[in-house]
2 protein chains.
Amino acid sequence: MSDHQARQVVSSVRTGVLHSWSLTLIPTAREAPNDAEVPSHVLLHRAGFIRQVGAGIYDYLPLALRVINRISTIIRSELDAAGASEMLMPALEPFELFSATKRDESYGDNLFRVKDRKGRVNALAPTHEEVITQLMITSLTSYKQLPLNLYQIQTKFRDEARPRAGLLRCREFLMKDAYSFHINLEGPGGLNDTYDGMYRAYTNIFTRCGLDFSAVEAESGPIGGSASHEFMVNCASGEDTILKCPVSGYAANVEKCEIGARPWNFSGSANETLSKHHTPGMPGIEAVAGMLKVKPPQMLKTIVFSVAGLAGREAKEHSWVLATVRGDHDVNEGKVKIMSGYVVTLADEKAAKAAGFAIGYVSPLTAKAVAGTLLLVDADAASGDVAWATGADEIDYHVTGFHWSRDYGPGLAESSKVIVGDVRSAQEGDVSPRADGARLVTGRGIEVGHIFKLGTKYSNSMGLMVLNQQQKKQSVIMGCYGIGVSRTMAACVEMSHDENGIIWPMALAPYHVLVVLMKPEDARQREVAAGICRDLNAAGVDVMLDDRDERAGVKFKDADLIGIPVRLTIGDKALEQGGVEYKLRRDTGKAEVVPMADVVSKCLGAINGA
Amino acid sequence: MSDHQARQVVSSVRTGVLHSWSLTLIPTAREAPNDAEVPSHVLLHRAGFIRQVGAGIYDYLPLALRVINRISTIIRSELDAAGASEMLMPALEPFELFSATKRDESYGDNLFRVKDRKGRVNALAPTHEEVITQLMITSLTSYKQLPLNLYQIQTKFRDEARPRAGLLRCREFLMKDAYSFHINLEGPGGLNDTYDGMYRAYTNIFTRCGLDFSAVEAESGPIGGSASHEFMVNCASGEDTILKCPVSGYAANVEKCEIGARPWNFSGSANETLSKHHTPGMPGIEAVAGMLKVKPPQMLKTIVFSVAGLAGREAKEHSWVLATVRGDHDVNEGKVKIMSGYVVTLADEKAAKAAGFAIGYVSPLTAKAVAGTLLLVDADAASGDVAWATGADEIDYHVTGFHWSRDYGPGLAESSKVIVGDVRSAQEGDVSPRADGARLVTGRGIEVGHIFKLGTKYSNSMGLMVLNQQQKKQSVIMGCYGIGVSRTMAACVEMSHDENGIIWPMALAPYHVLVVLMKPEDARQREVAAGICRDLNAAGVDVMLDDRDERAGVKFKDADLIGIPVRLTIGDKALEQGGVEYKLRRDTGKAEVVPMADVVSKCLGAINGA
């Protein structure tokens with residue numbers, strides 16, 4: 001067929017197709033499945049958005065797909081603007097790829113395995129680090145081809161032990177995953193540059209989706225530093241706990257959250273005598289405190305780590321790291337690493353005892369007694385005015401009346417041996433690290449995005465190298481960036497619903513406007529409804545017509561359930577007044593009658609937030 | 001975040017992102033993989049559109065995904081216009097679903113099986129008849145909810161024994177599959193109505209894609225009649241043979257193709273004597289003809305079928321059906337069924353012999369000898385003027401000098417016993433069934449679409465019933481409609497390429513215009529290129545800038561290879577003349593210099609086919 005003929009056909013295609021309830025599949029239901037506990041699972045099922053096919057496997061019915069398309073469109077526009085390119089990788093991947101990175105082990109049973117007719121095993125990809133690294137090995141030769149940032153929106157598979165909560169924990173789900181490749185960490189085109197760009201893109205994406213979310217500092221990656229962020233939809237039913245500064249907006253995982261600067265001072269008058277107590281077989285701080293007749297906040301807890309490698313330092317000057325916190329606090333291993341400059345592991349009990357640590361009864365004093373030991377003290381534990389209870393460095397014994405200045409003595413001044421700072425996990429009420437005087441509050445969230453500095457983990461294990469400017473082979477530096485697309489839809493429902501159903505934010509709503517036709521058999525009503533749909537379509541509004549032969553009550557209940565932001569009702573009463581009924585889903589009041597001539601502008605106003 | 005803030009972010013998003021070669025992944029290659037034989041496999045690899053991950057499993061790199069998105073967008077707009085709704089079903093499906101329809105057997109090893117951590121088996125869906133039928137069982141109750149037409153664009157899995165030819169025969173591929181549901185076959189909203197609408201939609205889709213294609217009548221489905229059409233891209237390298245009428249445009253599979261009316265006449269003078277010949281152990285028509293000293297067109301070939309059921313008739317009046325064709329023709333079983341009005345199967349040799357048929361030596365005369373036999377005669381075999389050679393109805397014997405009028409006799413007039421018509425497979429040169437005087441020609445094609453009347457096959461086996469208008473349970477009537485999306489991309493390359501690379505039709509091209517920057521290090525050239533890209537973007541043109549630091553020869557070779565329809569070259573020579581070089585990929589001539597002010601309109605002209 002000639003180009004000319006082709007164009008004629010193109011121009012004959014109908015534009016502005018009328019979407020009507022009767023021509024699509026929206027199987028609303030009064031009941032939710034028995035195992036549906038969280039609101040998004042209940043409501044997405046009841047509103048006819050999803051149906052279960054198997055454990056953690058769902059059909060996305062037409063309304064759900066429209067929401068997913070909204071999310072995907074927003075993702076694409078922001079990632080394209082950030083310089084990323086879209087591609088599509090397969091779900092099946094040769095199992096050998098996973099062996100190279102040992103992720104077959106780390107994923108374990110979560111990895112679906114498929115044996116083909118020739119007996120070869122393929123994995124159903126849970127993410128695509130291996131596949132894209134392999135692709136890059138065959139595609140990249142020179143640093144000149146970098147940086148690159150590639151993404152896909154694709155189905156992922158994880159054989160979860162306990163699929164649950166509808167779309168929140170599935171075995172087959174939709175994810176956007178992006179992978180970036182760099183020759184440098186710093187500077188233009190470096191990993192940090194792209195990472196920051198992706199952070200901004202994610203912020204734009206979730207903002208445009210109309211979600212109430214927090215960008216949360218998460219456990220740092222293998223490169224160290226602030227190398228990972230989670231994006232959490234704020235929502236009381238979320239399974240993750242986060243800490244937030246209400247003034248600065250800073251937010252972080254409990255594991256990661258920094259604590260603001262706290263005053264500390266080792267000096268003070270030693271007004272209590274140091275006395276030793278027999279405390280045999282005490283199972284924890286509470287029991288010891290009870291025996292010693294002190295409160296946990298008056299105790300020092302000291303954990304022994306052994307040094308496994310460098311994490312910022314130039315050389316290994318120590319073999320052991322002690323971390324001392326108040327008895328009611330928890331030592332944070334990530335912070336131990338950052339403060340000490342070492343990669344640390346919890347000390348092996350036998351080796352530590354052999355070195356002179358009375359494990360379970362260690363006091364900060366062993367930092368002086370055992371050579372090559374670095375002492376980290378949390379600011380809240382570095383008070384010279386308190387008479388502390390602590391271990392006696394002797395199995396089954398504690399001491400009371402410990403004073404830093406008197407009992408540790410002049411060694412405190414040697415900064416190479418003792419560092420005071422933030423070495424414990426944060427709690428609600430701690431001072432904010434980002435705003436003077438502000439206090440951290442806890443919140444709950446659903447993780448919908450995660451960005452991560454991978455470094456050279458995959459390029460090293462699989463051999464992705466390029467020639468650098470000096471014509472030498474160098475491992476490529478990588479980042480990866482995920483968004484749970486189907487999860488974002490569910491998180492949105494968790495965040496925004498009431499007892500009658502879903503309340504979609506305008507940006508993610510499957511349709512902007514639902515036109516409810518009271519009497520589909522009435523020619524005049526039909527005509528008015530069709531005219532309004534046409535006019536709204538022409539104005540770029542996505543509209544669906546409820547043309548079902550059902551009672552008004554059923555239609556209104558269903559309208560609330562599926563949660564389209566604007567409802568227009570075409571009925572005799574309003575028509576007699578020369579208008580139609582207009583109601584916003586999020587408003588609880590009564591519908592208002594809007595004159596026919598104002599309907600489109602009224603809807604556009606709602607859509608544009610006027 | 002408030003709606004208002006959200007909108008501010010929206011409006012801050014950059015529009016018209018500049019796509020540049022250096023920011024995407026186009027790993028062009030001089031060599032194709034060793035196993036690449038067909039042009040689309042070779043060129044899609046060499047042009048950096050695809051990379052193999054495993055046998056029949058591919059990465060779609062950014063350029064390929066853009067083509068796939070073009071195809072998908074066209075599909076969506078046409079199917080939406082035809083009243084279909086998009087949804088998305090999962091790849092994993094419980095294996096039990098396949099057992100119900102016995103497709104686990106019919107697919108056999110082509111079905112990928114996945115055992116999960118709990119030992120349950122899932123299939124990777126090759127298509128979704130079972131899943132959607134199951135969904136409808138839980139969603140439909142009344143005829144009032146019908147008709148419905150639902151589609152998805154989704155990844156399919158088939159464990160092909162011999163994946164080959166790149167994207168033409170894969171194990172993981174992209175398909176659009178649609179399923180329609182009806183209470184009636186005829187009338188508005190019936191299967192035939194929707195089927196015809198899908199036929200038109202498919203015609204629009206492939207036309208808009210810029211493909212040279214044929215809609216081909218294919219083997220009919222279980223409902224009978226003309227119930228299946230294949231859409232074939234016309235292409236010499238295609239693996240399917242089709243017959244076409246060059247006048248009417250009629251096209252069909254060899255198996256299905258009708259033949260136009262041919263004159264026939266049993267009467268004629270019997271000018272040869274009937275004589276019997278001993279022809280023992282002759283392996284075929286050629287050998288027998290040689291022995292009898294006749295040509296195959298002078299022989300009659302008679303095949304015996306037994307009647308298995310009704311296919312249009314009211315009652316079973318016959319037990320046997322004979323089909324007689326000329327010795328150089330082939331009996332067509334589908335046509336036997338249509339002509340006879342029976343479901344037939346090739347007769348069991350033992351049973352047929354017992355009934356009196358000398359299998360291998362049957363003549364039309366047995367229609368008189370064996371009671372309950374219907375005789376079908378192909379028009380080309382119904383000539384009274386020819387002295388035919390035929391079987392002697394006796395093992396190891398043939399006769400020559402058979403004349404219909406003399407030897408069959410008066411029984412020929414009994415139309416209930418003898419029917420003359422179209423009972424053989426068509427060949428090139430046969431008369432067209434749709435245009436007087438025209439002759440059929442053969443062509444080759446690649447199947448990219450298939451529409452099919454399923455009838456109640458799935459609803460019966462799985463139990464999909466609704467209440468009809470009489471409040472009685474009735475099986476739902478179904479249709480299904482597929483398009484190979486990734487295959488369409490490959491078929492397009494098969495159809496449109498030359499020795500230098502791909503030549504994309506405008507509608508499917510990953511970009512409309514490629515701007516080649518000769519000296520990326522030259523500020524003036526860069527500025528001109530950026531300005532042109534901006535202007536083209538603003539005019540709605542998809543443009544990519546080749547900003548690589550490569551020699552001109554490499555860039556031009558790559559431009560031809562990836563096949564963008566319009567190439568603009570920014571170089572000093574043309575700039576001195578106040579313009580840029582303009583060249584269409586499909587033209588073999590030299591580039592012309594277009595004045596700067598005319599560049600956008602020139603490109604728009606090419607895009608709109610002016």
# chains A, B, ... in the order shown; residues from 1 in each chain; ligands from 1
>>> select_by_dssp(residues="segment 474-514 of chain B", states="strand (DSSP E)", output="PyMOL selection string")
chain B and resi 474-475+477-484+497-498+501-502+513-514
>>> write_last_selection(atoms="N, CA, C and O atoms", output="PDB file, in the first residue's frame")
ATOM      1  N   GLN B 474     -26.374 -20.185  29.090  1.00  0.00           N
ATOM      2  CA  GLN B 474     -25.924 -20.407  27.724  1.00  0.00           C
ATOM      3  C   GLN B 474     -24.412 -20.209  27.657  1.00  0.00           C
ATOM      4  O   GLN B 474     -23.861 -19.297  28.286  1.00  0.00           O
ATOM      5  N   SER B 475     -23.729 -21.072  26.912  1.00  0.00           N
ATOM      6  CA  SER B 475     -22.282 -20.921  26.762  1.00  0.00           C
ATOM      7  C   SER B 475     -21.968 -19.632  26.024  1.00  0.00           C
ATOM      8  O   SER B 475     -22.637 -19.284  25.051  1.00  0.00           O
ATOM      9  N   ILE B 477     -19.987 -17.239  23.529  1.00  0.00           N
ATOM     10  CA  ILE B 477     -19.289 -17.407  22.246  1.00  0.00           C
ATOM     11  C   ILE B 477     -18.077 -16.492  22.233  1.00  0.00           C
ATOM     12  O   ILE B 477     -18.169 -15.325  22.622  1.00  0.00           O
ATOM     13  N   MET B 478     -16.944 -17.018  21.809  1.00  0.00           N
ATOM     14  CA  MET B 478     -15.710 -16.242  21.887  1.00  0.00           C
ATOM     15  C   MET B 478     -15.007 -16.091  20.545  1.00  0.00           C
ATOM     16  O   MET B 478     -15.139 -16.911  19.656  1.00  0.00           O
ATOM     17  N   GLY B 479     -14.245 -15.008  20.438  1.00  0.00           N
ATOM     18  CA  GLY B 479     -13.318 -14.816  19.329  1.00  0.00           C
ATOM     19  C   GLY B 479     -11.961 -14.486  19.908  1.00  0.00           C
ATOM     20  O   GLY B 479     -11.865 -14.030  21.048  1.00  0.00           O
ATOM     21  N   CYS B 480     -10.885 -14.741  19.150  1.00  0.00           N
ATOM     22  CA  CYS B 480      -9.577 -14.274  19.632  1.00  0.00           C
ATOM     23  C   CYS B 480      -8.787 -13.721  18.459  1.00  0.00           C
ATOM     24  O   CYS B 480      -8.992 -14.098  17.305  1.00  0.00           O
ATOM     25  N   TYR B 481      -7.881 -12.799  18.792  1.00  0.00           N
ATOM     26  CA  TYR B 481      -7.288 -11.934  17.786  1.00  0.00           C
ATOM     27  C   TYR B 481      -5.851 -11.612  18.190  1.00  0.00           C
ATOM     28  O   TYR B 481      -5.629 -10.947  19.193  1.00  0.00           O
ATOM     29  N   GLY B 482      -4.883 -12.119  17.451  1.00  0.00           N
ATOM     30  CA  GLY B 482      -3.491 -11.908  17.839  1.00  0.00           C
ATOM     31  C   GLY B 482      -2.699 -11.064  16.856  1.00  0.00           C
ATOM     32  O   GLY B 482      -2.985 -11.059  15.653  1.00  0.00           O
ATOM     33  N   ILE B 483      -1.709 -10.350  17.375  1.00  0.00           N
ATOM     34  CA  ILE B 483      -0.713  -9.677  16.534  1.00  0.00           C
ATOM     35  C   ILE B 483       0.651  -9.925  17.161  1.00  0.00           C
ATOM     36  O   ILE B 483       0.831  -9.713  18.362  1.00  0.00           O
ATOM     37  N   GLY B 484       1.570 -10.400  16.363  1.00  0.00           N
ATOM     38  CA  GLY B 484       2.942 -10.541  16.840  1.00  0.00           C
ATOM     39  C   GLY B 484       3.626  -9.190  16.768  1.00  0.00           C
ATOM     40  O   GLY B 484       3.979  -8.731  15.682  1.00  0.00           O
ATOM     41  N   HIS B 497      14.486  -3.201   3.259  1.00  0.00           N
ATOM     42  CA  HIS B 497      15.909  -3.009   3.552  1.00  0.00           C
ATOM     43  C   HIS B 497      16.675  -3.029   2.241  1.00  0.00           C
ATOM     44  O   HIS B 497      16.124  -3.387   1.193  1.00  0.00           O
ATOM     45  N   ASP B 498      17.915  -2.626   2.281  1.00  0.00           N
ATOM     46  CA  ASP B 498      18.794  -2.835   1.127  1.00  0.00           C
ATOM     47  C   ASP B 498      20.141  -3.332   1.645  1.00  0.00           C
ATOM     48  O   ASP B 498      20.249  -3.698   2.823  1.00  0.00           O
ATOM     49  N   GLY B 501      21.440  -1.526   4.855  1.00  0.00           N
ATOM     50  CA  GLY B 501      20.772  -1.542   6.152  1.00  0.00           C
ATOM     51  C   GLY B 501      19.260  -1.508   6.032  1.00  0.00           C
ATOM     52  O   GLY B 501      18.689  -1.812   4.983  1.00  0.00           O
ATOM     53  N   ILE B 502      18.650  -1.121   7.149  1.00  0.00           N
ATOM     54  CA  ILE B 502      17.199  -1.075   7.241  1.00  0.00           C
ATOM     55  C   ILE B 502      16.674   0.199   6.580  1.00  0.00           C
ATOM     56  O   ILE B 502      17.359   1.228   6.563  1.00  0.00           O
ATOM     57  N   VAL B 513      13.866  11.769  11.943  1.00  0.00           N
ATOM     58  CA  VAL B 513      15.013  12.492  11.382  1.00  0.00           C
ATOM     59  C   VAL B 513      16.267  12.188  12.200  1.00  0.00           C
ATOM     60  O   VAL B 513      16.226  12.180  13.432  1.00  0.00           O
ATOM     61  N   LEU B 514      17.360  11.930  11.489  1.00  0.00           N
ATOM     62  CA  LEU B 514      18.661  11.814  12.136  1.00  0.00           C
ATOM     63  C   LEU B 514      19.506  13.010  11.717  1.00  0.00           C
ATOM     64  O   LEU B 514      19.706  13.241  10.526  1.00  0.00           O
TER      65      LEU B 514
END
>>> residues_around(residues="Val294 of chain A", least_positions_apart="5", cutoff="10 Å", atoms="only C-alpha atoms", output="VMD selection string")
chain A and resid 286 288 to 289 299 388 to 389 400
>>> write_last_selection(atoms="N, CA and C atoms", output="mmCIF file, in the first residue's frame")
data_model
loop_
_atom_site.group_PDB
_atom_site.id
_atom_site.type_symbol
_atom_site.label_atom_id
_atom_site.label_comp_id
_atom_site.auth_asym_id
_atom_site.auth_seq_id
_atom_site.Cartn_x
_atom_site.Cartn_y
_atom_site.Cartn_z
ATOM 1 N N GLU A 286 18.298 -4.782 81.475
ATOM 2 C CA GLU A 286 17.219 -4.531 82.446
ATOM 3 C C GLU A 286 17.490 -5.270 83.755
ATOM 4 N N VAL A 288 20.375 -6.484 84.922
ATOM 5 C CA VAL A 288 21.554 -5.946 85.615
ATOM 6 C C VAL A 288 21.199 -4.640 86.312
ATOM 7 N N ALA A 289 20.446 -3.771 85.583
ATOM 8 C CA ALA A 289 20.056 -2.479 86.155
ATOM 9 C C ALA A 289 19.236 -2.694 87.426
ATOM 10 N N MET A 299 23.442 3.461 82.632
ATOM 11 C CA MET A 299 24.449 2.425 82.369
ATOM 12 C C MET A 299 25.170 2.699 81.057
ATOM 13 N N TRP A 388 28.298 6.297 86.247
ATOM 14 C CA TRP A 388 27.758 5.231 85.403
ATOM 15 C C TRP A 388 27.892 3.856 86.031
ATOM 16 N N ALA A 389 26.973 3.003 85.685
ATOM 17 C CA ALA A 389 27.174 1.576 85.929
ATOM 18 C C ALA A 389 27.678 0.973 84.631
ATOM 19 N N THR A 400 29.625 0.104 89.702
ATOM 20 C CA THR A 400 28.814 1.330 89.734
ATOM 21 C C THR A 400 29.748 2.464 90.144
#
>>> closest_atom_pairs(of="chain A", to="chain B", cutoff="6 Å", atoms="only C-alpha atoms", output="CSV")
residue,atom,partner,partner_atom,distance
A:Met1,CA,B:Asp212,CA,5.5
A:Ala6,CA,B:Thr207,CA,5.4
A:Val17,CA,B:Ala81,CA,5.7
A:Leu23,CA,B:Leu148,CA,5.9
A:Thr24,CA,B:Ser85,CA,5.7
A:Pro27,CA,B:Ser139,CA,5.7
A:Asp59,CA,B:Met89,CA,4.6
A:Tyr60,CA,B:Leu88,CA,5.0
A:Leu61,CA,B:Met87,CA,4.9
A:Pro62,CA,B:Met87,CA,4.5
A:Leu65,CA,B:Met87,CA,5.7
A:Ala81,CA,B:Val17,CA,5.8
A:Ser85,CA,B:Thr24,CA,5.7
A:Glu86,CA,B:Pro62,CA,5.5
A:Met87,CA,B:Pro62,CA,4.5
A:Leu88,CA,B:Tyr60,CA,5.0
A:Met89,CA,B:Asp59,CA,4.6
A:Val114,CA,B:Val114,CA,5.2
A:Ser139,CA,B:Pro27,CA,5.7
A:Leu148,CA,B:Leu23,CA,5.9
A:Thr207,CA,B:Ala6,CA,5.5
A:Arg208,CA,B:Ala6,CA,5.2
A:Asp212,CA,B:Met1,CA,5.5
>>> residues_around(residues="His398 of chain B", least_positions_apart="6", cutoff="7 Å", atoms="only C-alpha atoms", output="PyMOL selection string")
chain B and resi 276-279+361+390-392
>>> closest_residue(among="A:Ala435, A:Ile562, A:Met495, A:Val420", to="Lys244 of chain A", atoms="only C-alpha atoms")
A:Ala435
>>> select_by_dssp(residues="segment 99-201 of chain B", states="helix (DSSP H, G or I)", output="PyMOL selection string")
chain B and resi 99-101+103-110+129-139+143-145+166-168+191-201
>>> write_last_selection(atoms="N, CA, C and O atoms", output="short mmCIF file (atom, residue, chain, number, x, y, z; two decimals), in the first residue's frame")
data_model
loop_
_atom_site.label_atom_id
_atom_site.label_comp_id
_atom_site.auth_asym_id
_atom_site.auth_seq_id
_atom_site.Cartn_x
_atom_site.Cartn_y
_atom_site.Cartn_z
N SER B 99 -4.89 -27.80 32.10
CA SER B 99 -5.40 -29.17 32.08
C SER B 99 -6.86 -29.18 31.65
O SER B 99 -7.30 -30.05 30.91
N ALA B 100 -7.62 -28.17 32.09
CA ALA B 100 -9.05 -28.14 31.79
C ALA B 100 -9.31 -28.11 30.29
O ALA B 100 -10.24 -28.72 29.80
N THR B 101 -8.47 -27.38 29.56
CA THR B 101 -8.70 -27.26 28.11
C THR B 101 -7.83 -28.22 27.33
O THR B 101 -7.83 -28.19 26.10
N ARG B 103 -4.88 -28.02 26.76
CA ARG B 103 -3.84 -27.37 25.96
C ARG B 103 -2.46 -27.72 26.49
O ARG B 103 -1.46 -27.48 25.81
N ASP B 104 -2.39 -28.27 27.73
CA ASP B 104 -1.08 -28.75 28.17
C ASP B 104 -0.59 -29.85 27.23
O ASP B 104 0.60 -29.95 26.95
N GLU B 105 -1.55 -30.63 26.70
CA GLU B 105 -1.18 -31.68 25.75
C GLU B 105 -0.89 -31.11 24.37
O GLU B 105 0.10 -31.43 23.74
N SER B 106 -1.80 -30.22 23.89
CA SER B 106 -1.63 -29.75 22.52
C SER B 106 -0.38 -28.87 22.40
O SER B 106 0.28 -28.85 21.37
N TYR B 107 -0.03 -28.13 23.47
CA TYR B 107 1.21 -27.36 23.43
C TYR B 107 2.43 -28.24 23.67
O TYR B 107 3.51 -27.98 23.15
N GLY B 108 2.25 -29.27 24.47
CA GLY B 108 3.35 -30.20 24.74
C GLY B 108 4.57 -29.48 25.29
O GLY B 108 4.46 -28.66 26.19
N ASP B 109 5.72 -29.80 24.72
CA ASP B 109 6.98 -29.25 25.21
C ASP B 109 7.11 -27.76 24.92
O ASP B 109 8.04 -27.11 25.41
N ASN B 110 6.22 -27.20 24.10
CA ASN B 110 6.30 -25.77 23.84
C ASN B 110 5.91 -24.94 25.06
O ASN B 110 6.14 -23.75 25.10
N GLU B 129 -6.11 -17.60 26.60
CA GLU B 129 -7.51 -18.02 26.53
C GLU B 129 -8.00 -18.53 27.89
O GLU B 129 -9.08 -18.17 28.35
N GLU B 130 -7.21 -19.38 28.52
CA GLU B 130 -7.64 -19.98 29.78
C GLU B 130 -7.78 -18.93 30.88
O GLU B 130 -8.74 -18.94 31.65
N VAL B 131 -6.77 -18.04 30.96
CA VAL B 131 -6.77 -17.06 32.05
C VAL B 131 -7.96 -16.11 31.90
O VAL B 131 -8.68 -15.83 32.88
N ILE B 132 -8.22 -15.66 30.69
CA ILE B 132 -9.31 -14.71 30.54
C ILE B 132 -10.66 -15.41 30.64
O ILE B 132 -11.62 -14.82 31.15
N THR B 133 -10.74 -16.66 30.21
CA THR B 133 -12.01 -17.38 30.38
C THR B 133 -12.31 -17.56 31.87
O THR B 133 -13.44 -17.36 32.32
N GLN B 134 -11.26 -17.89 32.63
CA GLN B 134 -11.42 -18.03 34.08
C GLN B 134 -11.86 -16.70 34.71
O GLN B 134 -12.75 -16.66 35.56
N LEU B 135 -11.25 -15.62 34.26
CA LEU B 135 -11.63 -14.29 34.76
C LEU B 135 -13.10 -14.01 34.46
O LEU B 135 -13.85 -13.49 35.30
N MET B 136 -13.53 -14.39 33.26
CA MET B 136 -14.91 -14.11 32.87
C MET B 136 -15.90 -14.96 33.66
O MET B 136 -17.01 -14.52 33.95
N ILE B 137 -15.47 -16.18 34.00
CA ILE B 137 -16.35 -17.03 34.80
C ILE B 137 -16.70 -16.34 36.11
O ILE B 137 -17.84 -16.39 36.59
N THR B 138 -15.72 -15.63 36.69
CA THR B 138 -15.99 -14.96 37.97
C THR B 138 -16.58 -13.56 37.77
O THR B 138 -17.01 -12.95 38.74
N SER B 139 -16.57 -13.05 36.55
CA SER B 139 -17.00 -11.67 36.34
C SER B 139 -18.34 -11.52 35.63
O SER B 139 -19.01 -10.51 35.77
N TYR B 143 -26.17 -11.86 30.03
CA TYR B 143 -25.95 -11.43 28.64
C TYR B 143 -25.87 -9.92 28.52
O TYR B 143 -25.31 -9.39 27.56
N LYS B 144 -26.45 -9.22 29.53
CA LYS B 144 -26.42 -7.76 29.48
C LYS B 144 -24.99 -7.20 29.51
O LYS B 144 -24.75 -6.08 29.11
N GLN B 145 -24.06 -8.00 30.07
CA GLN B 145 -22.67 -7.54 30.15
C GLN B 145 -21.92 -7.74 28.84
O GLN B 145 -20.76 -7.35 28.72
N GLY B 166 16.11 -14.89 14.38
CA GLY B 166 16.03 -13.68 15.20
C GLY B 166 14.67 -13.55 15.83
O GLY B 166 14.19 -14.47 16.50
N LEU B 167 14.01 -12.42 15.57
CA LEU B 167 12.73 -12.18 16.22
C LEU B 167 11.57 -12.91 15.54
O LEU B 167 10.44 -12.83 16.01
N LEU B 168 11.83 -13.59 14.43
CA LEU B 168 10.72 -14.24 13.72
C LEU B 168 10.26 -15.53 14.42
O LEU B 168 9.10 -15.91 14.32
N LEU B 191 -20.63 -12.28 17.54
CA LEU B 191 -19.24 -12.56 17.19
C LEU B 191 -18.89 -12.07 15.79
O LEU B 191 -17.84 -11.46 15.58
N ASN B 192 -19.80 -12.33 14.82
CA ASN B 192 -19.47 -11.95 13.44
C ASN B 192 -19.28 -10.45 13.29
O ASN B 192 -18.40 -9.99 12.55
N ASP B 193 -20.09 -9.70 14.01
CA ASP B 193 -20.01 -8.24 14.00
C ASP B 193 -18.64 -7.79 14.51
O ASP B 193 -17.92 -7.01 13.86
N THR B 194 -18.25 -8.29 15.68
CA THR B 194 -16.96 -7.92 16.26
C THR B 194 -15.81 -8.41 15.39
O THR B 194 -14.82 -7.72 15.18
N TYR B 195 -15.96 -9.63 14.87
CA TYR B 195 -14.92 -10.19 14.00
C TYR B 195 -14.67 -9.28 12.81
O TYR B 195 -13.53 -8.97 12.48
N ASP B 196 -15.76 -8.84 12.19
CA ASP B 196 -15.62 -7.94 11.04
C ASP B 196 -14.95 -6.62 11.47
O ASP B 196 -14.14 -6.05 10.75
N GLY B 197 -15.33 -6.14 12.65
CA GLY B 197 -14.71 -4.91 13.17
C GLY B 197 -13.23 -5.10 13.42
O GLY B 197 -12.41 -4.20 13.14
N MET B 198 -12.85 -6.27 13.91
CA MET B 198 -11.43 -6.54 14.15
C MET B 198 -10.68 -6.69 12.82
O MET B 198 -9.53 -6.29 12.71
N TYR B 199 -11.35 -7.27 11.85
CA TYR B 199 -10.75 -7.37 10.52
C TYR B 199 -10.41 -5.97 10.00
O TYR B 199 -9.32 -5.71 9.50
N ARG B 200 -11.38 -5.05 10.15
CA ARG B 200 -11.12 -3.67 9.71
C ARG B 200 -10.02 -3.02 10.54
O ARG B 200 -9.16 -2.32 10.01
N ALA B 201 -10.05 -3.25 11.85
CA ALA B 201 -9.02 -2.67 12.73
C ALA B 201 -7.63 -3.18 12.32
O ALA B 201 -6.68 -2.40 12.24
#
>>> residues_around(residues="segment 319-336 of chain B", least_positions_apart="2", cutoff="6 Å", atoms="only C-alpha atoms", output="number ranges by chain")
B: 296-297, 299-307, 338-340, 372-378, 381, 423-425
>>> residues_around(residues="Val216 of chain A", least_positions_apart="6", cutoff="8 Å", atoms="only C-alpha atoms", output="list in words")
His229, Glu230, Phe231, Met232, Ile242, Tyr250, Ala251, Ala252 and Asn253 of chain A
>>> residues_around(residues="segment 530-539 of chain B", least_positions_apart="2", cutoff="8 Å", atoms="only C-alpha atoms", output="ChimeraX atom specification")
/B:16,18,515,526-528,541-545,599-600
>>> atom_distance(atom1="atom CA of Trp264 of chain A", atom2="atom CA of Lys295 of chain A")
19.8 Å
